[in-house]
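Q: The structure file entry.txt (compact mmCIF, C-alpha atoms) is provided below.
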# COMPACT_ATOMS: atom_id res chain seq x y z
CA MET I 1 115.12 41.47 193.34
CA PHE I 2 115.46 39.18 190.36
CA ASP I 3 111.90 37.86 190.25
CA GLU I 4 111.39 38.93 186.64
CA LEU I 5 114.76 37.64 185.44
CA LYS I 6 113.49 34.19 184.53
CA ASN I 7 115.40 33.46 181.34
CA TYR I 8 119.02 34.62 181.05
CA ARG I 9 119.33 33.74 177.35
CA GLU I 10 116.19 35.70 176.63
CA TYR I 11 117.70 38.67 178.44
CA LEU I 12 120.81 38.37 176.25
CA SER I 13 118.65 38.30 173.13
CA VAL I 14 117.44 41.79 174.07
CA HIS I 15 120.60 43.35 175.51
CA SER I 16 123.41 41.36 173.79
CA ILE I 17 125.90 41.66 176.65
CA HIS I 18 127.87 38.69 175.33
CA GLU I 19 128.68 40.59 172.14
CA LEU I 20 130.61 43.17 174.16
CA PHE I 21 133.21 40.45 174.82
CA ASP I 22 132.89 38.45 171.58
CA ILE I 23 131.49 35.47 173.47
CA ASP I 24 130.11 32.58 171.43
CA LEU I 25 127.05 31.44 173.40
CA GLU I 26 127.14 28.00 171.82
CA LYS I 27 130.62 27.42 173.21
CA TYR I 28 130.04 29.18 176.53
CA GLY I 29 127.53 26.72 177.98
CA ASN I 30 124.97 27.57 180.64
CA VAL I 31 124.72 31.36 180.93
CA ASP I 32 122.92 31.13 184.28
CA ARG I 33 125.58 29.04 186.04
CA LYS I 34 128.77 30.01 187.90
CA GLN I 35 132.19 29.38 186.37
CA GLU I 36 134.61 27.09 188.22
CA PHE I 37 138.01 28.31 189.46
CA THR I 38 140.97 26.51 190.97
CA THR I 39 141.48 26.66 194.75
CA TYR I 40 144.01 29.51 194.78
CA GLN I 41 143.30 31.18 191.42
CA LYS I 42 141.50 34.16 192.92
CA VAL I 43 144.06 34.65 195.70
CA ASP I 44 147.22 34.24 193.62
CA PRO I 45 149.34 37.43 193.80
CA ASP I 46 151.14 36.41 190.59
CA GLU I 47 147.96 36.04 188.53
CA THR I 48 148.26 38.31 185.47
CA GLU I 49 145.36 37.14 183.30
CA PRO I 50 141.90 38.71 183.60
CA TYR I 51 139.20 36.35 184.84
CA PRO I 52 136.97 35.02 182.08
CA ALA I 53 133.55 36.60 181.72
CA GLU I 54 130.91 35.19 184.06
CA LEU I 55 127.77 35.95 182.15
CA ASP I 56 125.39 35.13 185.00
CA ASP I 57 126.93 37.84 187.19
CA LEU I 58 127.13 40.34 184.33
CA ILE I 59 123.51 39.78 183.34
CA ARG I 60 122.33 40.38 186.90
CA LEU I 61 124.36 43.58 187.20
CA HIS I 62 122.98 44.86 183.91
CA TYR I 63 119.47 43.91 185.00
CA LEU I 64 119.81 45.84 188.27
CA VAL I 65 120.94 49.00 186.48
CA ILE I 66 118.08 48.75 183.99
CA THR I 67 115.24 47.81 186.35
CA ARG I 68 116.24 50.27 189.10
CA LYS I 69 116.80 53.05 186.53
CA VAL I 70 120.24 53.67 188.02
CA THR I 71 121.88 56.97 187.11
CA THR I 72 125.22 57.02 188.97
CA ILE I 73 127.46 54.04 189.78
CA LEU I 74 130.47 53.87 192.08
CA GLU I 75 132.49 50.78 191.22
CA PHE I 76 135.39 49.44 193.24
CA GLY I 77 137.45 47.33 190.85
CA VAL I 78 137.72 47.76 187.08
CA GLY I 79 136.85 44.87 184.80
CA LYS I 80 134.16 43.38 182.62
CA SER I 81 131.53 44.76 184.98
CA THR I 82 132.74 48.24 183.98
CA VAL I 83 131.91 47.55 180.34
CA VAL I 84 128.49 46.19 181.28
CA PHE I 85 127.74 49.20 183.47
CA ASN I 86 128.63 51.50 180.58
CA HIS I 87 126.25 49.59 178.31
CA ALA I 88 123.36 49.64 180.81
CA LEU I 89 123.81 53.33 181.63
CA ASP I 90 123.76 54.13 177.94
CA ALA I 91 120.40 52.35 177.65
CA ASN I 92 119.07 54.29 180.66
CA ARG I 93 120.28 57.58 179.18
CA LYS I 94 118.41 56.90 175.93
CA ARG I 95 115.21 56.01 177.78
CA TYR I 96 115.22 58.47 180.66
CA GLY I 97 117.79 61.17 179.93
CA LYS I 98 115.35 64.01 179.39
CA PHE I 99 113.22 63.13 182.41
CA VAL I 100 116.26 62.91 184.67
CA SER I 101 117.64 66.20 183.38
CA ASP I 102 114.31 68.00 183.81
CA ASN I 103 113.13 66.52 187.10
CA LEU I 104 115.85 64.92 189.24
CA ARG I 105 118.81 66.33 191.14
CA ARG I 106 121.50 64.10 189.67
CA SER I 107 124.77 65.93 189.03
CA ASN I 108 126.53 62.90 187.50
CA PRO I 109 123.75 61.39 185.42
CA PHE I 110 124.47 58.12 183.63
CA GLU I 111 128.07 57.93 184.79
CA CYS I 112 130.07 55.04 186.24
CA HIS I 113 132.99 56.08 188.45
CA THR I 114 135.49 53.24 188.65
CA VAL I 115 138.30 53.05 191.22
CA ASP I 116 141.26 50.68 191.00
CA THR I 117 144.89 50.45 192.14
CA GLY I 118 146.08 48.83 188.91
CA ALA I 119 147.08 51.31 186.21
CA GLU I 120 147.51 48.46 183.73
CA TRP I 121 143.98 47.14 184.33
CA LEU I 122 142.46 50.62 184.03
CA ASP I 123 144.35 51.23 180.80
CA GLU I 124 143.37 47.85 179.36
CA VAL I 125 139.65 48.42 179.84
CA ARG I 126 139.84 52.07 178.83
CA THR I 127 141.70 51.30 175.59
CA LYS I 128 140.13 47.97 174.64
CA PHE I 129 136.48 48.97 175.10
CA ASP I 130 134.41 51.99 174.17
CA THR I 131 133.17 53.26 177.54
CA PRO I 132 132.19 56.94 177.23
CA ASN I 133 130.01 56.77 180.35
CA VAL I 134 132.90 55.66 182.60
CA LYS I 135 135.26 57.86 184.62
CA TYR I 136 138.44 56.05 185.67
CA TYR I 137 140.35 56.71 188.91
CA LEU I 138 143.79 55.37 189.79
CA ALA I 139 144.05 55.26 193.57
CA GLN I 140 146.29 53.98 196.33
CA CYS I 141 144.89 51.58 198.89
CA GLU I 142 146.13 51.55 202.47
CA VAL I 143 145.65 49.26 205.45
CA ALA I 144 144.09 51.33 208.24
CA THR I 145 141.35 51.03 210.86
CA PHE I 146 137.68 51.83 211.22
CA GLY I 147 136.69 51.94 214.87
CA ASP I 148 139.96 50.13 215.74
CA ARG I 149 139.10 47.32 213.31
CA ILE I 150 141.65 46.62 210.60
CA CYS I 151 140.43 47.26 207.06
CA THR I 152 141.50 49.09 203.89
CA PHE I 153 140.74 52.46 202.31
CA TYR I 154 141.20 53.91 198.83
CA ASP I 155 142.60 57.39 198.28
CA PRO I 156 141.35 59.32 196.39
CA LEU I 157 137.68 58.48 196.01
CA PRO I 158 135.32 59.96 193.41
CA ASN I 159 133.29 62.79 194.91
CA VAL I 160 129.91 61.54 193.65
CA CYS I 161 126.55 60.47 195.06
CA PRO I 162 125.88 56.99 193.67
CA ASP I 163 122.59 55.14 193.64
CA LEU I 164 124.44 51.86 192.99
CA ILE I 165 127.74 50.80 194.57
CA TYR I 166 129.51 47.70 193.29
CA LEU I 167 132.21 46.35 195.60
CA ASP I 168 134.61 43.96 193.88
CA ALA I 169 138.00 45.32 195.00
CA PRO I 170 140.63 45.58 196.29
CA ASP I 171 142.15 42.13 196.41
CA GLN I 172 144.08 41.33 199.57
CA TYR I 173 147.49 42.07 198.02
CA SER I 174 146.91 45.59 196.68
CA PRO I 175 146.64 47.52 199.97
CA ARG I 176 149.91 48.90 201.29
CA GLY I 177 151.13 48.91 204.86
CA ASP I 178 149.97 47.17 208.01
CA VAL I 179 148.55 47.82 211.45
CA ARG I 180 150.77 46.43 214.20
CA GLY I 181 152.18 43.91 211.74
CA MET I 182 148.81 42.72 210.43
CA SER I 183 147.58 43.23 206.88
CA THR I 184 145.37 41.53 204.31
CA SER I 185 148.39 40.31 202.35
CA HIS I 186 148.14 36.59 203.04
CA LYS I 187 146.54 33.76 201.06
CA ASP I 188 144.42 32.76 204.04
CA ARG I 189 143.15 36.31 204.59
CA PHE I 190 140.47 38.12 202.64
CA PRO I 191 139.72 41.64 201.38
CA MET I 192 138.27 43.99 203.99
CA ALA I 193 137.30 47.29 202.35
CA GLY I 194 135.97 49.95 204.72
CA ASP I 195 135.38 52.84 202.32
CA ILE I 196 131.58 52.63 202.30
CA LEU I 197 131.49 52.90 206.08
CA ALA I 198 133.33 56.21 205.92
CA PHE I 199 130.80 57.91 203.61
CA GLU I 200 127.67 55.95 204.59
CA HIS I 201 125.89 59.04 205.93
CA PHE I 202 126.21 60.84 202.60
CA LEU I 203 124.22 58.14 200.77
CA LEU I 204 120.61 58.64 199.73
CA PRO I 205 117.74 56.34 200.71
CA GLY I 206 117.24 53.90 197.87
CA THR I 207 120.97 53.33 197.36
CA LEU I 208 121.90 49.72 196.58
CA ILE I 209 125.25 48.11 197.46
CA VAL I 210 126.23 44.90 195.66
CA VAL I 211 129.16 42.97 197.11
CA ASP I 212 130.54 40.34 194.73
CA GLY I 213 131.65 37.34 196.80
CA ARG I 214 133.82 38.75 199.61
CA THR I 215 131.56 37.30 202.30
CA ALA I 216 133.87 38.30 205.17
CA ASN I 217 133.90 41.88 203.85
CA ALA I 218 130.10 41.86 203.51
CA ARG I 219 129.78 40.70 207.12
CA PHE I 220 132.17 43.45 208.19
CA LEU I 221 129.96 46.02 206.47
CA ARG I 222 126.81 44.54 207.95
CA SER I 223 128.30 44.68 211.45
CA ASN I 224 129.34 48.33 211.14
CA LEU I 225 126.78 50.08 208.93
CA GLN I 226 124.63 52.33 211.11
CA ARG I 227 121.63 53.25 209.01
CA ASP I 228 118.51 51.25 208.02
CA TRP I 229 119.90 48.80 205.49
CA THR I 230 118.00 45.75 204.29
CA TYR I 231 120.52 42.95 203.76
CA SER I 232 120.28 39.75 201.77
CA HIS I 233 122.83 37.13 200.77
CA SER I 234 122.40 34.91 197.73
CA VAL I 235 124.53 31.83 198.27
CA GLU I 236 123.61 30.66 194.77
CA PHE I 237 124.85 33.89 193.14
CA ASP I 238 127.68 34.40 195.68
CA GLN I 239 126.59 38.01 196.08
CA HIS I 240 125.43 40.24 198.93
CA TYR I 241 122.91 43.07 198.64
CA PHE I 242 122.34 46.06 200.91
CA GLU I 243 119.49 48.49 200.19
CA LEU I 244 119.14 51.72 202.16
CA THR I 245 115.48 51.38 203.08
CA GLU I 246 114.80 54.68 204.81
CA GLU I 247 112.14 57.33 204.26
CA PRO I 248 113.22 59.93 201.67
CA LEU I 249 115.35 62.83 202.87
CA GLY I 250 113.28 65.43 201.06
CA VAL I 251 111.43 66.31 197.89
CA TYR I 252 114.29 65.62 195.47
CA ASN I 253 115.17 62.26 197.00
CA ARG I 254 111.47 61.31 197.04
CA ARG I 255 111.12 62.27 193.40
CA GLN I 256 114.09 60.07 192.51
CA ILE I 257 112.73 57.12 194.51
CA ASP I 258 109.27 57.50 192.97
CA PHE I 259 110.72 57.45 189.47
CA CYS I 260 113.43 54.83 189.89
CA LEU I 261 112.01 52.38 192.44
CA GLY I 262 108.30 53.13 192.71
CA ASN I 263 105.86 52.16 195.43
CA GLU I 264 107.55 48.82 196.10
CA PHE I 265 110.38 50.71 197.80
CA TYR I 266 107.96 52.21 200.34
CA VAL I 267 106.54 48.74 200.95
CA ARG I 268 110.07 47.59 201.84
CA VAL I 269 110.53 50.62 204.12
CA ARG I 270 107.29 49.86 205.98
CA ALA I 271 108.21 46.18 206.25
CA ARG I 272 111.56 47.05 207.79
CA SER I 273 109.83 49.45 210.22
CA GLY I 274 107.32 46.76 211.17
CA LEU I 275 104.37 48.84 209.97
Show how you would write the structure in this file as C-alpha cells.
A:
Amino acid sequence: MFDELKNYREYLSVHSIHELFDIDLEKYGNVDRKQEFTTYQKVDPDETEPYPAELDDLIRLHYLVITRKVTTILEFGVGKSTVVFNHALDANRKRYGKFVSDNLRRSNPFECHTVDTGAEWLDEVRTKFDTPNVKYYLAQCEVATFGDRICTFYDPLPNVCPDLIYLDAPDQYSPRGDVRGMSTSHKDRFPMAGDILAFEHFLLPGTLIVVDGRTANARFLRSNLQRDWTYSHSVEFDQHYFELTEEPLGVYNRRQIDFCLGNEFYVRVRARSGL
C-alpha cells in the first residue's frame, strides 16, 4: 500500500503538509517516526490539549487520498487529519474534477464528512483552518449493542457513500449510557465503535477503511464484518487497513474502480478468491 512512499521528507517537499500546521522540520526531528506519549495521556478524560501533529501518520493519510484518487471521505474524529484530508481532496479536485464530474457517479465529490461529539473541537478546526472541502457534523454517541455485543454508535451520521473511511473516534469517555452497567468509560477499557458494521452493506467495492490505533476496535470490526474485506495490520504504523475486495457492483462502480484503483485492484480480488 505504501510501496512507493520511500522518502517522507521528499513527499513533504512536494505537498508541504507541515506548512498547514506551521511545523519547523528542523525542530521536528524524524518525520517518518512515531511520537512518544505518556502512559495515560491518550486515555485521560481531563486532557484538554490537542495532540501534537504526527507527521508520519498525516503523510500516509495524504498519500492514500492522492494515490487512490479518493473522492469522498467519512472521518470519525475531527483533528489534524481533517485539515490534511481537505488539502489532499483539493489536489484531487484540481487534477481529476472534470473527469469525475463527466464520468463517475459521485454525488459528494471531493468532500470530507467529519463526525465528532466535541463542539469545541469542531469549532476549533473549522475556525482555525481553511477547510472548504469539509462538512462538519456534531453528533451524540451512545453505548449500545451490535449482535448483543457492546459497542458505540454515533447519531446522526452523514448520509454519504465514502470511498475512504478514517476511524479515529470516539474516545472511550464520549459515549453516553451503558448496557447492563457496562460502558467504555474506564481507563482500562478501549473505544469500540460499531457504526461501520451498521452500514457495511451500503459500501462500494474498493472502499478503504483506515483504523488509527484502536486495535481492539479493529479486531471487533474484523470479527463482525460480513463482506469480502482484505485486512492488514501495520504494527510499525499502529494502523489497521480494510479494503473491500469484491467484484464491482455494476458499470458505475467498475468505472470508478478502473479510474481510481486500476488493474491492481482486480489482482487483489482474484488473490482473495484464490483464482
Q: Using all atoms listed in the file, which protein or nucleic acid residues come within 10 Å of stretch 116-128 of chain I? Drop anything in the same chain fewer than 2 positions from it, and give the result as a PyMOL selection string.
A: chain I and resi 48+50+75-80+82-83+114+130-132+134-141+154-155+157+168-171+174-175
Q: Could you work out an axis-aligned bounding box for all listed atoms of stretch 26-33 of chain I, with 4 Å added on each of the six sides, and give its centre and edge lengths in Å to one decimal, as AutoDock Vina command-line options?
A:
--center_x 126.8 --center_y 29.0 --center_z 178.9 --size_x 15.7 --size_y 12.6 --size_z 22.2
Q: Ranking I:Ala91, I:Leu20, I:Asn217, I:Pro109 by minimum distance to I:Thr152 and counting only C-alpha atoms, which one comes first?
A: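 Using only C-alpha atoms, the shortest distance to I:Thr152 belongs to I:Asn217.
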Q: Hey, what's within 12 Å of stretch 252-254 of chain I if we count only C-alpha atoms and toss same-chain stuff fewer than 3 positions away? As a list in words, please?
A: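 Those residues are Val100, Asp102, Asn103, Leu104, Arg105, Arg106, Cys161, Asp163, Leu203, Leu204, Pro205, Gly206, Thr207, Glu246, Glu247, Pro248, Leu249, Ile257, Asp258, Phe259, Cys260, Leu261, Gly262, Asn263, Phe265 and Tyr266 of chain I.
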Q: Write the residues of the preceding selection, restricted to C-alpha atoms, as a short mmCIF file (atom, residue, chain, number, x, y, z; two decimals), keeping the file's coordinate frame.
A:
data_model
loop_
_atom_site.label_atom_id
_atom_site.label_comp_id
_atom_site.auth_asym_id
_atom_site.auth_seq_id
_atom_site.Cartn_x
_atom_site.Cartn_y
_atom_site.Cartn_z
CA VAL I 100 116.26 62.91 184.67
CA ASP I 102 114.31 68.00 183.81
CA ASN I 103 113.13 66.52 187.10
CA LEU I 104 115.85 64.92 189.24
CA ARG I 105 118.81 66.33 191.14
CA ARG I 106 121.50 64.10 189.67
CA CYS I 161 126.55 60.47 195.06
CA ASP I 163 122.59 55.14 193.64
CA LEU I 203 124.22 58.14 200.77
CA LEU I 204 120.61 58.64 199.73
CA PRO I 205 117.74 56.34 200.71
CA GLY I 206 117.24 53.90 197.87
CA THR I 207 120.97 53.33 197.36
CA GLU I 246 114.80 54.68 204.81
CA GLU I 247 112.14 57.33 204.26
CA PRO I 248 113.22 59.93 201.67
CA LEU I 249 115.35 62.83 202.87
CA ILE I 257 112.73 57.12 194.51
CA ASP I 258 109.27 57.50 192.97
CA PHE I 259 110.72 57.45 189.47
CA CYS I 260 113.43 54.83 189.89
CA LEU I 261 112.01 52.38 192.44
CA GLY I 262 108.30 53.13 192.71
CA ASN I 263 105.86 52.16 195.43
CA PHE I 265 110.38 50.71 197.80
CA TYR I 266 107.96 52.21 200.34
#
Q: Record the distance separating atom CA of I:Ile165 and atom CA of I:Leu89, expressed in Å with one decimal.
A: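 A separation of 13.8 Å between them.
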Q: Have a look at I:Leu167, I:Ile209, I:Ile66, I:Ala271 and name the one nearest to I:Ala88; count only C-alpha atoms.
A: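 Of all the options, I:Ile66 lies closest to I:Ala88.
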Q: Hey, which of I:Leu58, I:Asn159, I:Val179, I:Ser81 ends up closest to I:Asn108? Count only C-alpha atoms.
A: I:Asn159
Q: Can you pull out every residue within 10 Å of stretch 218-223 of chain I, counting all atoms listed in the file, but drop anything in the same chain fewer than 6 positions away, and send it as a PDB file with C-alpha atoms, in the frame of the given file?
A:
ATOM      1  CA  ARG I 149     139.100  47.320 213.310  1.00  0.00           C
ATOM      2  CA  CYS I 151     140.430  47.260 207.060  1.00  0.00           C
ATOM      3  CA  LEU I 167     132.210  46.350 195.600  1.00  0.00           C
ATOM      4  CA  PRO I 191     139.720  41.640 201.380  1.00  0.00           C
ATOM      5  CA  MET I 192     138.270  43.990 203.990  1.00  0.00           C
ATOM      6  CA  ALA I 193     137.300  47.290 202.350  1.00  0.00           C
ATOM      7  CA  GLY I 194     135.970  49.950 204.720  1.00  0.00           C
ATOM      8  CA  ASP I 195     135.380  52.840 202.320  1.00  0.00           C
ATOM      9  CA  ILE I 196     131.580  52.630 202.300  1.00  0.00           C
ATOM     10  CA  LEU I 197     131.490  52.900 206.080  1.00  0.00           C
ATOM     11  CA  ILE I 209     125.250  48.110 197.460  1.00  0.00           C
ATOM     12  CA  VAL I 210     126.230  44.900 195.660  1.00  0.00           C
ATOM     13  CA  VAL I 211     129.160  42.970 197.110  1.00  0.00           C
ATOM     14  CA  ASP I 212     130.540  40.340 194.730  1.00  0.00           C
ATOM     15  CA  TRP I 229     119.900  48.800 205.490  1.00  0.00           C
ATOM     16  CA  THR I 230     118.000  45.750 204.290  1.00  0.00           C
ATOM     17  CA  TYR I 231     120.520  42.950 203.760  1.00  0.00           C
ATOM     18  CA  HIS I 233     122.830  37.130 200.770  1.00  0.00           C
ATOM     19  CA  GLN I 239     126.590  38.010 196.080  1.00  0.00           C
ATOM     20  CA  HIS I 240     125.430  40.240 198.930  1.00  0.00           C
ATOM     21  CA  TYR I 241     122.910  43.070 198.640  1.00  0.00           C
ATOM     22  CA  PHE I 242     122.340  46.060 200.910  1.00  0.00           C
TER      23      PHE I 242
END
Q: List the spatial neighbours of I:Ser183 as an NGL selection string - criterion: any atom at most 9 Å away, all atoms listed in the file, same-chain residues fewer than 3 positions off excluded.
A: :I and (143-144 or 150-152 or 172-173 or 175-180 or 186 or 189)
Q: Suppose you want the space between atom CA of I:Glu200 and atom CA of I:Ile73; what is it in Å?
A: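 These atoms are spaced 14.9 Å apart.
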Q: Env of I:Ser273: 10 Å cut, atoms = all atoms listed in the file, seq-sep filter 2 positions within chain, self excluded. Answer as a PyMOL selection string.
A: chain I and resi 228+245-246+267-271+275
Q: To one decimal in Å, tell me the separation between atom CA of I:Tyr63 and atom CA of I:Gly250.
A: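 These atoms are spaced 27.6 Å apart.
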